[in-house]
$ cat structure-v2.cif   # mmCIF, C-alpha atoms and all ligand atoms
data_input
loop_
_atom_site.group_PDB
_atom_site.id
_atom_site.type_symbol
_atom_site.label_atom_id
_atom_site.label_comp_id
_atom_site.auth_asym_id
_atom_site.auth_seq_id
_atom_site.Cartn_x
_atom_site.Cartn_y
_atom_site.Cartn_z
ATOM 1 C CA MET A 15 0.000 0.000 0.000
ATOM 2 C CA GLU A 16 1.362 3.424 -0.923
ATOM 3 C CA GLU A 17 1.849 6.032 1.785
ATOM 4 C CA LEU A 18 -0.747 8.811 1.478
ATOM 5 C CA ASN A 19 0.140 12.300 2.667
ATOM 6 C CA SER A 20 -2.514 14.957 2.896
ATOM 7 C CA ILE A 21 -1.515 18.623 2.548
ATOM 8 C CA PRO A 22 -1.858 21.172 5.381
ATOM 9 C CA ARG A 23 -4.749 23.665 5.408
ATOM 10 C CA ARG A 24 -3.908 27.347 4.966
ATOM 11 C CA ARG A 25 -5.333 29.998 7.289
ATOM 12 C CA GLU A 26 -4.527 32.914 4.925
ATOM 13 C CA ARG A 27 -7.352 34.768 3.119
ATOM 14 C CA ILE A 28 -8.165 32.952 -0.112
ATOM 15 C CA ASP A 29 -8.957 36.182 -1.996
ATOM 16 C CA GLU A 30 -5.338 37.294 -1.626
ATOM 17 C CA PHE A 31 -4.363 34.350 -3.831
ATOM 18 C CA TYR A 32 -7.429 33.672 -6.019
ATOM 19 C CA THR A 33 -10.027 35.786 -7.841
ATOM 20 C CA ILE A 34 -13.373 34.105 -7.394
ATOM 21 C CA GLY A 35 -15.511 34.046 -10.569
ATOM 22 C CA ALA A 36 -18.718 32.432 -11.847
ATOM 23 C CA LYS A 37 -20.622 29.751 -9.972
ATOM 24 C CA LEU A 38 -20.064 26.325 -11.539
ATOM 25 C CA GLY A 39 -22.410 24.173 -9.517
ATOM 26 C CA LYS A 40 -23.938 23.253 -6.196
ATOM 27 C CA GLY A 41 -23.723 20.093 -4.129
ATOM 28 C CA SER A 42 -25.560 19.030 -0.972
ATOM 29 C CA PHE A 43 -22.947 20.664 1.246
ATOM 30 C CA SER A 44 -21.083 22.972 -1.076
ATOM 31 C CA VAL A 45 -21.066 25.638 -3.742
ATOM 32 C CA VAL A 46 -18.400 25.499 -6.450
ATOM 33 C CA PHE A 47 -16.990 28.607 -8.187
ATOM 34 C CA GLU A 48 -14.406 29.208 -10.858
ATOM 35 C CA GLY A 49 -11.245 30.690 -9.305
ATOM 36 C CA THR A 50 -8.200 32.214 -11.004
ATOM 37 C CA GLU A 51 -4.843 32.002 -9.258
ATOM 38 C CA ARG A 52 -3.550 35.563 -9.129
ATOM 39 C CA SER A 53 0.146 34.664 -9.492
ATOM 40 C CA THR A 54 -0.243 32.399 -12.550
ATOM 41 C CA GLY A 55 -3.617 33.183 -14.155
ATOM 42 C CA ILE A 56 -4.435 29.444 -14.024
ATOM 43 C CA LYS A 57 -8.115 28.632 -13.507
ATOM 44 C CA TYR A 58 -9.317 26.197 -10.829
ATOM 45 C CA ALA A 59 -12.605 25.155 -9.276
ATOM 46 C CA VAL A 60 -13.050 26.476 -5.732
ATOM 47 C CA LYS A 61 -15.335 24.293 -3.646
ATOM 48 C CA VAL A 62 -16.704 26.222 -0.678
ATOM 49 C CA ILE A 63 -18.035 24.081 2.148
ATOM 50 C CA LYS A 64 -19.840 25.775 5.047
ATOM 51 C CA ARG A 65 -18.677 24.226 8.299
ATOM 52 C CA SER A 66 -22.197 24.459 9.744
ATOM 53 C CA LEU A 67 -23.687 22.213 7.018
ATOM 54 C CA ILE A 68 -21.546 19.153 7.496
ATOM 55 C CA LYS A 69 -20.240 17.122 10.403
ATOM 56 C CA GLN A 70 -16.667 18.044 11.192
ATOM 57 C CA LYS A 71 -15.583 14.400 11.027
ATOM 58 C CA LEU A 72 -17.082 13.897 7.563
ATOM 59 C CA LEU A 73 -15.502 17.123 6.328
ATOM 60 C CA ASP A 74 -12.080 16.241 7.714
ATOM 61 C CA ARG A 75 -12.362 12.853 6.022
ATOM 62 C CA GLU A 76 -13.209 14.315 2.583
ATOM 63 C CA ILE A 77 -10.323 16.761 2.876
ATOM 64 C CA GLU A 78 -7.857 14.166 4.122
ATOM 65 C CA ILE A 79 -8.731 11.836 1.252
ATOM 66 C CA MET A 80 -8.942 14.434 -1.526
ATOM 67 C CA THR A 81 -5.634 16.062 -0.676
ATOM 68 C CA SER A 82 -3.704 12.817 -0.480
ATOM 69 C CA LEU A 83 -4.688 11.254 -3.811
ATOM 70 C CA ARG A 84 -2.681 11.495 -7.039
ATOM 71 C CA HIS A 85 -4.204 9.676 -10.002
ATOM 72 C CA PRO A 86 -5.125 10.830 -13.527
ATOM 73 C CA ASN A 87 -8.732 9.662 -13.019
ATOM 74 C CA ILE A 88 -9.243 11.202 -9.588
ATOM 75 C CA LEU A 89 -10.038 14.876 -9.102
ATOM 76 C CA PHE A 90 -6.873 16.610 -7.918
ATOM 77 C CA CYS A 91 -6.987 18.966 -4.951
ATOM 78 C CA LYS A 92 -4.160 21.512 -5.062
ATOM 79 C CA GLU A 93 -4.684 23.423 -1.830
ATOM 80 C CA VAL A 94 -7.049 23.919 1.074
ATOM 81 C CA TYR A 95 -7.860 27.250 2.750
ATOM 82 C CA GLU A 96 -10.029 27.697 5.800
ATOM 83 C CA ASP A 97 -11.579 30.356 7.970
ATOM 84 C CA ASP A 98 -13.954 30.079 10.909
ATOM 85 C CA GLU A 99 -17.019 29.651 8.667
ATOM 86 C CA SER A 100 -15.856 27.801 5.583
ATOM 87 C CA ILE A 101 -13.382 25.451 3.998
ATOM 88 C CA PHE A 102 -12.153 26.192 0.450
ATOM 89 C CA LEU A 103 -10.852 23.332 -1.673
ATOM 90 C CA ILE A 104 -8.805 24.402 -4.709
ATOM 91 C CA LEU A 105 -9.571 21.703 -7.263
ATOM 92 C CA GLU A 106 -8.498 21.157 -10.843
ATOM 93 C CA LEU A 107 -11.117 22.659 -13.149
ATOM 94 C CA ILE A 108 -13.082 20.115 -15.164
ATOM 95 C CA LYS A 109 -15.111 21.741 -17.904
ATOM 96 C CA GLY A 110 -17.285 18.915 -19.274
ATOM 97 C CA GLY A 111 -19.731 18.533 -16.367
ATOM 98 C CA GLU A 112 -21.061 15.372 -14.740
ATOM 99 C CA LEU A 113 -21.166 11.976 -16.442
ATOM 100 C CA TYR A 114 -24.801 11.860 -15.306
ATOM 101 C CA ASP A 115 -25.738 14.790 -17.578
ATOM 102 C CA LYS A 116 -23.826 13.254 -20.465
ATOM 103 C CA ILE A 117 -25.830 10.025 -20.107
ATOM 104 C CA VAL A 118 -29.109 11.945 -19.888
ATOM 105 C CA ASP A 119 -28.187 13.875 -23.080
ATOM 106 C CA GLN A 120 -26.887 10.874 -24.982
ATOM 107 C CA GLY A 121 -29.325 8.162 -23.801
ATOM 108 C CA GLU A 122 -26.831 5.347 -23.976
ATOM 109 C CA TYR A 123 -23.243 4.940 -25.064
ATOM 110 C CA SER A 124 -21.811 2.533 -27.627
ATOM 111 C CA GLU A 125 -19.884 -0.422 -26.232
ATOM 112 C CA GLU A 126 -16.615 1.191 -27.328
ATOM 113 C CA GLU A 127 -17.420 4.480 -25.578
ATOM 114 C CA SER A 128 -18.679 2.675 -22.459
ATOM 115 C CA ARG A 129 -15.561 0.497 -22.330
ATOM 116 C CA ARG A 130 -13.286 3.537 -22.454
ATOM 117 C CA ILE A 131 -15.166 5.188 -19.594
ATOM 118 C CA VAL A 132 -15.438 2.048 -17.430
ATOM 119 C CA ARG A 133 -11.728 1.284 -17.868
ATOM 120 C CA GLN A 134 -10.880 4.661 -16.312
ATOM 121 C CA ILE A 135 -13.309 4.156 -13.419
ATOM 122 C CA VAL A 136 -11.783 0.727 -12.746
ATOM 123 C CA ASP A 137 -8.283 2.273 -12.766
ATOM 124 C CA ALA A 138 -9.369 4.929 -10.261
ATOM 125 C CA VAL A 139 -11.044 2.366 -7.996
ATOM 126 C CA GLU A 140 -8.022 0.054 -8.142
ATOM 127 C CA TYR A 141 -5.839 2.949 -7.005
ATOM 128 C CA LEU A 142 -8.253 3.861 -4.192
ATOM 129 C CA HIS A 143 -8.459 0.278 -2.932
ATOM 130 C CA GLN A 144 -4.684 -0.147 -3.093
ATOM 131 C CA ASN A 145 -4.534 2.849 -0.776
ATOM 132 C CA GLY A 146 -7.075 1.487 1.655
ATOM 133 C CA ILE A 147 -9.937 3.737 0.533
ATOM 134 C CA ALA A 148 -13.440 2.702 -0.513
ATOM 135 C CA HIS A 149 -15.358 5.443 -2.349
ATOM 136 C CA ARG A 150 -18.783 4.050 -1.307
ATOM 137 C CA ASP A 151 -20.822 6.494 -3.391
ATOM 138 C CA LEU A 152 -19.710 5.912 -6.955
ATOM 139 C CA LYS A 153 -22.354 7.081 -9.404
ATOM 140 C CA PRO A 154 -22.484 9.136 -12.612
ATOM 141 C CA GLU A 155 -23.292 12.283 -10.573
ATOM 142 C CA ASN A 156 -19.916 11.956 -8.824
ATOM 143 C CA ILE A 157 -17.884 11.500 -11.979
ATOM 144 C CA LEU A 158 -16.739 14.622 -13.841
ATOM 145 C CA CYS A 159 -15.893 14.560 -17.550
ATOM 146 C CA GLU A 160 -13.681 16.232 -20.075
ATOM 147 C CA ILE A 161 -14.488 15.721 -23.761
ATOM 148 C CA LEU A 162 -11.180 15.127 -25.502
ATOM 149 C CA PRO A 163 -10.099 16.529 -28.871
ATOM 150 C CA GLY A 164 -10.593 13.952 -31.608
ATOM 151 C CA SER A 165 -14.149 13.130 -30.480
ATOM 152 C CA THR A 166 -16.568 12.517 -33.337
ATOM 153 C CA GLU A 167 -20.327 11.922 -33.682
ATOM 154 C CA GLU A 168 -19.634 8.179 -33.649
ATOM 155 C CA LEU A 169 -17.051 8.094 -30.876
ATOM 156 C CA GLN A 170 -17.054 10.526 -27.960
ATOM 157 C CA LEU A 171 -13.669 10.414 -26.207
ATOM 158 C CA ILE A 172 -14.189 11.201 -22.532
ATOM 159 C CA HIS A 173 -11.590 11.562 -19.809
ATOM 160 C CA ILE A 174 -13.190 11.015 -16.429
ATOM 161 C CA LYS A 175 -12.340 12.160 -12.906
ATOM 162 C CA VAL A 176 -13.872 10.550 -9.856
ATOM 163 C CA ALA A 177 -14.944 13.271 -7.412
ATOM 164 C CA ASP A 178 -16.905 13.719 -4.208
ATOM 165 C CA PHE A 179 -15.275 11.787 -1.435
ATOM 166 C CA GLY A 180 -17.784 12.870 1.202
ATOM 167 C CA LEU A 181 -18.801 9.287 1.911
ATOM 168 C CA SER A 182 -15.416 7.627 1.488
ATOM 169 C CA LYS A 183 -13.738 5.987 4.383
ATOM 170 C CA MET A 184 -10.324 4.590 5.008
ATOM 171 C CA PHE A 185 -11.629 1.033 5.290
ATOM 172 C CA SER A 186 -8.648 -0.119 7.290
ATOM 173 C CA ARG A 187 -9.809 2.053 10.178
ATOM 174 C CA GLU A 188 -13.296 0.769 10.731
ATOM 175 C CA ASP A 189 -15.833 -1.492 9.109
ATOM 176 C CA LEU A 190 -17.983 0.218 6.529
ATOM 177 C CA PHE A 191 -21.216 -0.213 8.451
ATOM 178 C CA THR A 192 -23.076 2.987 7.717
ATOM 179 C CA LYS A 193 -26.175 2.788 5.597
ATOM 180 C CA CYS A 194 -25.317 5.414 3.022
ATOM 181 C CA GLY A 195 -25.259 6.028 -0.691
ATOM 182 C CA SER A 196 -28.079 6.540 -3.161
ATOM 183 C CA PRO A 197 -30.818 3.824 -3.191
ATOM 184 C CA ILE A 198 -30.574 2.998 -6.917
ATOM 185 C CA TYR A 199 -26.859 2.324 -6.629
ATOM 186 C CA VAL A 200 -26.533 0.601 -3.256
ATOM 187 C CA ALA A 201 -25.247 -2.946 -2.967
ATOM 188 C CA PRO A 202 -27.245 -5.781 -1.281
ATOM 189 C CA GLU A 203 -24.955 -5.849 1.759
ATOM 190 C CA VAL A 204 -25.547 -2.131 2.399
ATOM 191 C CA ILE A 205 -29.318 -2.704 2.383
ATOM 192 C CA SER A 206 -29.109 -5.633 4.774
ATOM 193 C CA SER A 207 -26.845 -3.614 7.118
ATOM 194 C CA LYS A 208 -24.183 -6.321 7.063
ATOM 195 C CA PRO A 209 -20.601 -5.186 7.525
ATOM 196 C CA TYR A 210 -19.205 -4.417 4.109
ATOM 197 C CA ASP A 211 -15.952 -3.603 2.444
ATOM 198 C CA GLN A 212 -14.479 -2.020 -0.675
ATOM 199 C CA SER A 213 -16.318 -4.507 -2.924
ATOM 200 C CA VAL A 214 -19.353 -2.142 -2.718
ATOM 201 C CA ASP A 215 -17.473 -0.043 -5.298
ATOM 202 C CA LEU A 216 -17.395 -3.015 -7.679
ATOM 203 C CA TRP A 217 -21.182 -3.323 -7.400
ATOM 204 C CA SER A 218 -21.399 0.393 -8.301
ATOM 205 C CA ILE A 219 -19.143 -0.140 -11.329
ATOM 206 C CA GLY A 220 -21.579 -2.876 -12.427
ATOM 207 C CA ILE A 221 -24.492 -0.433 -12.138
ATOM 208 C CA ILE A 222 -22.656 2.383 -13.941
ATOM 209 C CA THR A 223 -21.639 0.010 -16.767
ATOM 210 C CA TYR A 224 -25.244 -1.153 -17.155
ATOM 211 C CA VAL A 225 -26.474 2.457 -17.228
ATOM 212 C CA LEU A 226 -23.879 3.490 -19.842
ATOM 213 C CA LEU A 227 -24.697 0.535 -22.092
ATOM 214 C CA THR A 228 -28.480 0.676 -21.873
ATOM 215 C CA GLY A 229 -29.409 4.203 -20.757
ATOM 216 C CA CYS A 230 -31.532 2.775 -17.925
ATOM 217 C CA PHE A 231 -31.093 1.404 -14.401
ATOM 218 C CA PRO A 232 -30.875 -2.343 -13.708
ATOM 219 C CA PHE A 233 -32.898 -1.900 -10.501
ATOM 220 C CA TYR A 234 -35.689 0.628 -10.616
ATOM 221 C CA GLU A 235 -39.107 1.216 -9.093
ATOM 222 C CA GLU A 236 -41.407 3.732 -10.771
ATOM 223 C CA LYS A 237 -43.151 4.953 -7.641
ATOM 224 C CA LYS A 238 -40.034 5.166 -5.524
ATOM 225 C CA ASN A 239 -41.264 2.146 -3.627
ATOM 226 C CA PHE A 240 -38.049 1.484 -1.724
ATOM 227 C CA LYS A 241 -39.322 -1.795 -0.266
ATOM 228 C CA ILE A 242 -39.747 -3.339 -3.731
ATOM 229 C CA LEU A 243 -36.573 -1.683 -5.008
ATOM 230 C CA TYR A 244 -34.551 -3.095 -2.098
ATOM 231 C CA GLU A 245 -36.111 -6.503 -2.603
ATOM 232 C CA LYS A 246 -35.039 -6.468 -6.278
ATOM 233 C CA ILE A 247 -31.505 -5.413 -5.334
ATOM 234 C CA SER A 248 -31.200 -7.958 -2.517
ATOM 235 C CA ASN A 249 -32.208 -10.777 -4.870
ATOM 236 C CA VAL A 250 -30.174 -9.286 -7.742
ATOM 237 C CA ARG A 251 -33.293 -9.345 -9.925
ATOM 238 C CA TYR A 252 -32.541 -7.497 -13.177
ATOM 239 C CA GLU A 253 -32.628 -8.116 -16.929
ATOM 240 C CA PHE A 254 -30.862 -6.701 -19.939
ATOM 241 C CA PRO A 255 -33.166 -4.904 -22.388
ATOM 242 C CA SER A 256 -33.405 -6.568 -25.797
ATOM 243 C CA ASP A 257 -32.517 -3.288 -27.432
ATOM 244 C CA PRO A 258 -29.724 -2.169 -27.744
ATOM 245 C CA GLN A 259 -28.068 -5.450 -28.703
ATOM 246 C CA LEU A 260 -25.260 -6.046 -26.264
ATOM 247 C CA SER A 261 -22.282 -8.320 -26.758
ATOM 248 C CA THR A 262 -21.993 -11.480 -24.666
ATOM 249 C CA GLU A 263 -18.812 -10.040 -23.152
ATOM 250 C CA ALA A 264 -20.562 -6.848 -22.006
ATOM 251 C CA ARG A 265 -23.361 -8.845 -20.345
ATOM 252 C CA ASP A 266 -20.827 -11.151 -18.741
ATOM 253 C CA PHE A 267 -18.824 -8.186 -17.392
ATOM 254 C CA VAL A 268 -21.895 -6.669 -15.728
ATOM 255 C CA SER A 269 -23.108 -10.026 -14.395
ATOM 256 C CA ARG A 270 -19.768 -10.633 -12.646
ATOM 257 C CA LEU A 271 -20.141 -7.340 -10.777
ATOM 258 C CA LEU A 272 -23.850 -7.409 -9.952
ATOM 259 C CA VAL A 273 -23.325 -10.368 -7.651
ATOM 260 C CA ARG A 274 -24.976 -10.687 -4.248
ATOM 261 C CA GLU A 275 -21.884 -11.520 -2.199
ATOM 262 C CA GLY A 276 -19.127 -8.915 -2.298
ATOM 263 C CA LYS A 277 -16.430 -11.596 -2.116
ATOM 264 C CA ASP A 278 -17.725 -13.140 -5.373
ATOM 265 C CA ARG A 279 -17.533 -9.920 -7.404
ATOM 266 C CA MET A 280 -14.606 -9.273 -9.723
ATOM 267 C CA THR A 281 -11.768 -7.257 -8.217
ATOM 268 C CA PRO A 282 -10.474 -4.221 -10.154
ATOM 269 C CA GLN A 283 -7.594 -6.401 -11.378
ATOM 270 C CA GLN A 284 -10.029 -9.044 -12.646
ATOM 271 C CA CYS A 285 -12.128 -6.334 -14.332
ATOM 272 C CA LYS A 286 -9.037 -5.213 -16.227
ATOM 273 C CA GLU A 287 -8.392 -8.775 -17.370
ATOM 274 C CA HIS A 288 -11.996 -9.353 -18.461
ATOM 275 C CA PRO A 289 -12.433 -9.825 -22.245
ATOM 276 C CA TRP A 290 -14.918 -6.952 -22.440
ATOM 277 C CA LEU A 291 -12.503 -4.372 -20.974
ATOM 278 C CA GLN A 292 -9.708 -5.883 -23.042
ATOM 279 C CA ASN A 293 -11.937 -5.650 -26.126
ATOM 280 C CA ARG A 294 -11.450 -9.332 -26.929
ATOM 281 C CA HIS A 295 -14.441 -10.966 -28.580
ATOM 282 C CA GLN A 296 -15.476 -14.576 -28.235
ATOM 283 C CA LYS A 297 -14.502 -15.215 -31.820
ATOM 284 C CA ASP A 298 -10.935 -14.026 -30.994
ATOM 285 C CA ARG A 299 -10.599 -16.605 -28.242
ATOM 286 C CA THR A 300 -10.413 -19.747 -30.379
HETATM 287 P P1 LIG B 1 -20.009 18.683 -5.487
HETATM 288 O O1 LIG B 1 -20.291 19.446 -4.262
HETATM 289 O O2 LIG B 1 -18.629 18.118 -5.530
HETATM 290 O O3 LIG B 1 -21.077 17.655 -5.771
HETATM 291 O O4 LIG B 1 -20.053 19.720 -6.706
HETATM 292 C C1 LIG B 1 -21.223 20.350 -7.094
HETATM 293 C C2 LIG B 1 -21.167 20.692 -8.589
HETATM 294 O O5 LIG B 1 -20.125 21.640 -8.848
HETATM 295 C C3 LIG B 1 -20.834 19.499 -9.472
HETATM 296 O O6 LIG B 1 -21.949 18.783 -9.806
HETATM 297 C C4 LIG B 1 -20.204 20.175 -10.693
HETATM 298 O O7 LIG B 1 -21.198 20.646 -11.557
HETATM 299 C C5 LIG B 1 -19.469 21.359 -10.078
HETATM 300 N N1 LIG B 1 -18.070 21.006 -9.812
HETATM 301 C C6 LIG B 1 -17.577 20.369 -8.730
HETATM 302 N N2 LIG B 1 -16.250 20.207 -8.809
HETATM 303 C C7 LIG B 1 -15.884 20.745 -9.993
HETATM 304 C C8 LIG B 1 -14.633 20.883 -10.685
HETATM 305 N N3 LIG B 1 -13.494 20.441 -10.157
HETATM 306 N N4 LIG B 1 -14.623 21.486 -11.912
HETATM 307 C C9 LIG B 1 -15.781 21.939 -12.452
HETATM 308 N N5 LIG B 1 -16.993 21.839 -11.864
HETATM 309 C C10 LIG B 1 -17.049 21.261 -10.651
#
$ encode --input "structure-v2.cif" --output "structure tokens" --more "lines below"
Ligand code: AMP
Amino acid sequence: MEELNSIPRRRERIDEFYTIGAKLGKGSFSVVFEGTERSTGIKYAVKVIKRSLIKQKLLDREIEIMTSLRHPNILFCKEVYEDDESIFLILELIKGGELYDKIVDQGEYSEEESRRIVRQIVDAVEYLHQNGIAHRDLKPENILCEILPGSTEELQLIHIKVADFGLSKMFSREDLFTKCGSPIYVAPEVISSKPYDQSVDLWSIGIITYVLLTGCFPFYEEKKNFKILYEKISNVRYEFPSDPQLSTEARDFVSRLLVREGKDRMTPQQCKEHPWLQNRHQKDRT
């Protein structure tokens, strides 16, 4: 396991170092603005979190995690400022918005586009798990995107960054017992309040892959009937739609992640070796 070092928080006034610009978005506990570093002119995203809105422990955890991670598919946090009311995270600026909005706009992605996105999520999760961190709330709303040059109508090239570590925990410290996360994405063990581990993130990758490939959720209840929804999730009751036509490898990839027992799900390493992520077709394996 690599050694993670978080950076110290600065007590100086943020506006001495950054010009705060337009609002970029709003989360449950934060508002995010564009910020320009005065000394370099480089633009960042400044995430402002009001201390009063979030438990100190949760806040400290998000900051500790975000400032210690270095991976091309994980949102980079350059600096942290604080005053008595707020915490300011200086984050790399990601212009393409949330993966969620991209999926809503696009409906579903081709297998090639989905594979490219899922590969990056798997890389990020492998890195997190190697460092003793479970994200616990992986979903398209928490994944930011950059559309890369060279994208065409047929093939959108997206670079993704996993963000929002508000629910992450260093799983070596305590069991991941808390019932958290969004209902549509939660794994069976979270619903049944059993102790769980980092394999909840592999369940989430299964859900995200399904959503990218089909444009719909594997587990869904029209009337927000959580009892029925939870029952479907607990019994892993889902089907693939007949349209779009999905390859056997894509179905197999999802079905090895949407597995009831966490210990039976693929690990990130196994995901990377799976024929679907490797883009090997059955006919190639003769
Ligand atoms: P969050 O509180 O992290 O959920 O962020 C709320 C919203 O702010 C997100 O949904 C994005 O639209 C925007 N946002 C957050 N971080 C960034 C960033 N690094 N670059 C650009 N926009 C961001």
$ residues_around --input "structure-v2.cif" --residues "Ile77 (chain A)" --least-positions-apart "6" --cutoff "12 Å" --atoms "all atoms listed in the file" --output "MDAnalysis selection string"
chainID A and resid 19:23 61:63 70:71 83 90:96 101:105 177:183
$ residues_near_ligand --input "structure-v2.cif" --ligand "ligand LIG 1 (chain B)" --cutoff "6 Å" --atoms "all atoms listed in the file" --output "ChimeraX atom specification"
/A:38-41,44,46,59,105-109,111,178
$ axis_aligned_box --input "structure-v2.cif" --around "region 247-253 of chain A" --padding-each-side "3 Å" --output "AutoDock Vina command-line options"
--center_x -31.7 --center_y -8.1 --center_z -9.7 --size_x 9.1 --size_y 11.4 --size_z 20.4
$ atom_distance --input "structure-v2.cif" --atom1 "CA of Thr262 (chain A)" --atom2 "CA of Gln134 (chain A)"
21.3 Å
$ residues_around --input "structure-v2.cif" --residues "Asp266 (chain A)" --least-positions-apart "4" --cutoff "12 Å" --atoms "only C-alpha atoms" --output "ChimeraX atom specification"
/A:220,223-224,254,260-262,270-273,279-280,285,288-291,295-296
$ closest_atom_pairs --input "structure-v2.cif" --of "region 223-252 of chain A" --to "region 119-122 of chain A" --cutoff "9 Å" --atoms "all atoms listed in the file" --output "CSV"
residue,atom,partner,partner_atom,distance
A:Val225,CA,A:Glu122,CA,7.3
A:Leu226,CA,A:Glu122,CA,5.4
A:Leu227,CA,A:Glu122,CA,5.6
A:Thr228,CA,A:Glu122,CA,5.4
A:Gly229,CA,A:Glu122,CA,4.3
A:Cys230,CA,A:Glu122,CA,8.1
$ atom_distance --input "structure-v2.cif" --atom1 "CA of Ile174 (chain A)" --atom2 "CA of Ile161 (chain A)"
8.8 Å
$ closest_residue --input "structure-v2.cif" --among "A:Trp217, A:Pro232, A:Asn87, A:Arg65" --to "Tyr141 (chain A)" --atoms "all atoms listed in the file"
A:Asn87
$ atom_distance --input "structure-v2.cif" --atom1 "CA of Asp257 (chain A)" --atom2 "CA of Phe231 (chain A)"
13.9 Å
$ residues_around --input "structure-v2.cif" --residues "Ile247 (chain A)" --least-positions-apart "6" --cutoff "9 Å" --atoms "only C-alpha atoms" --output "ChimeraX atom specification"
/A:198,200-202,205,232-233,274
$ write_last_selection --input "structure-v2.cif" --atoms "C-alpha atoms" --output "compact mmCIF listing (two decimals), in the frame of the given file"
# COMPACT_ATOMS: atom_id res chain seq x y z
CA ILE A 198 -30.57 3.00 -6.92
CA VAL A 200 -26.53 0.60 -3.26
CA ALA A 201 -25.25 -2.95 -2.97
CA PRO A 202 -27.24 -5.78 -1.28
CA ILE A 205 -29.32 -2.70 2.38
CA PRO A 232 -30.88 -2.34 -13.71
CA PHE A 233 -32.90 -1.90 -10.50
CA ARG A 274 -24.98 -10.69 -4.25
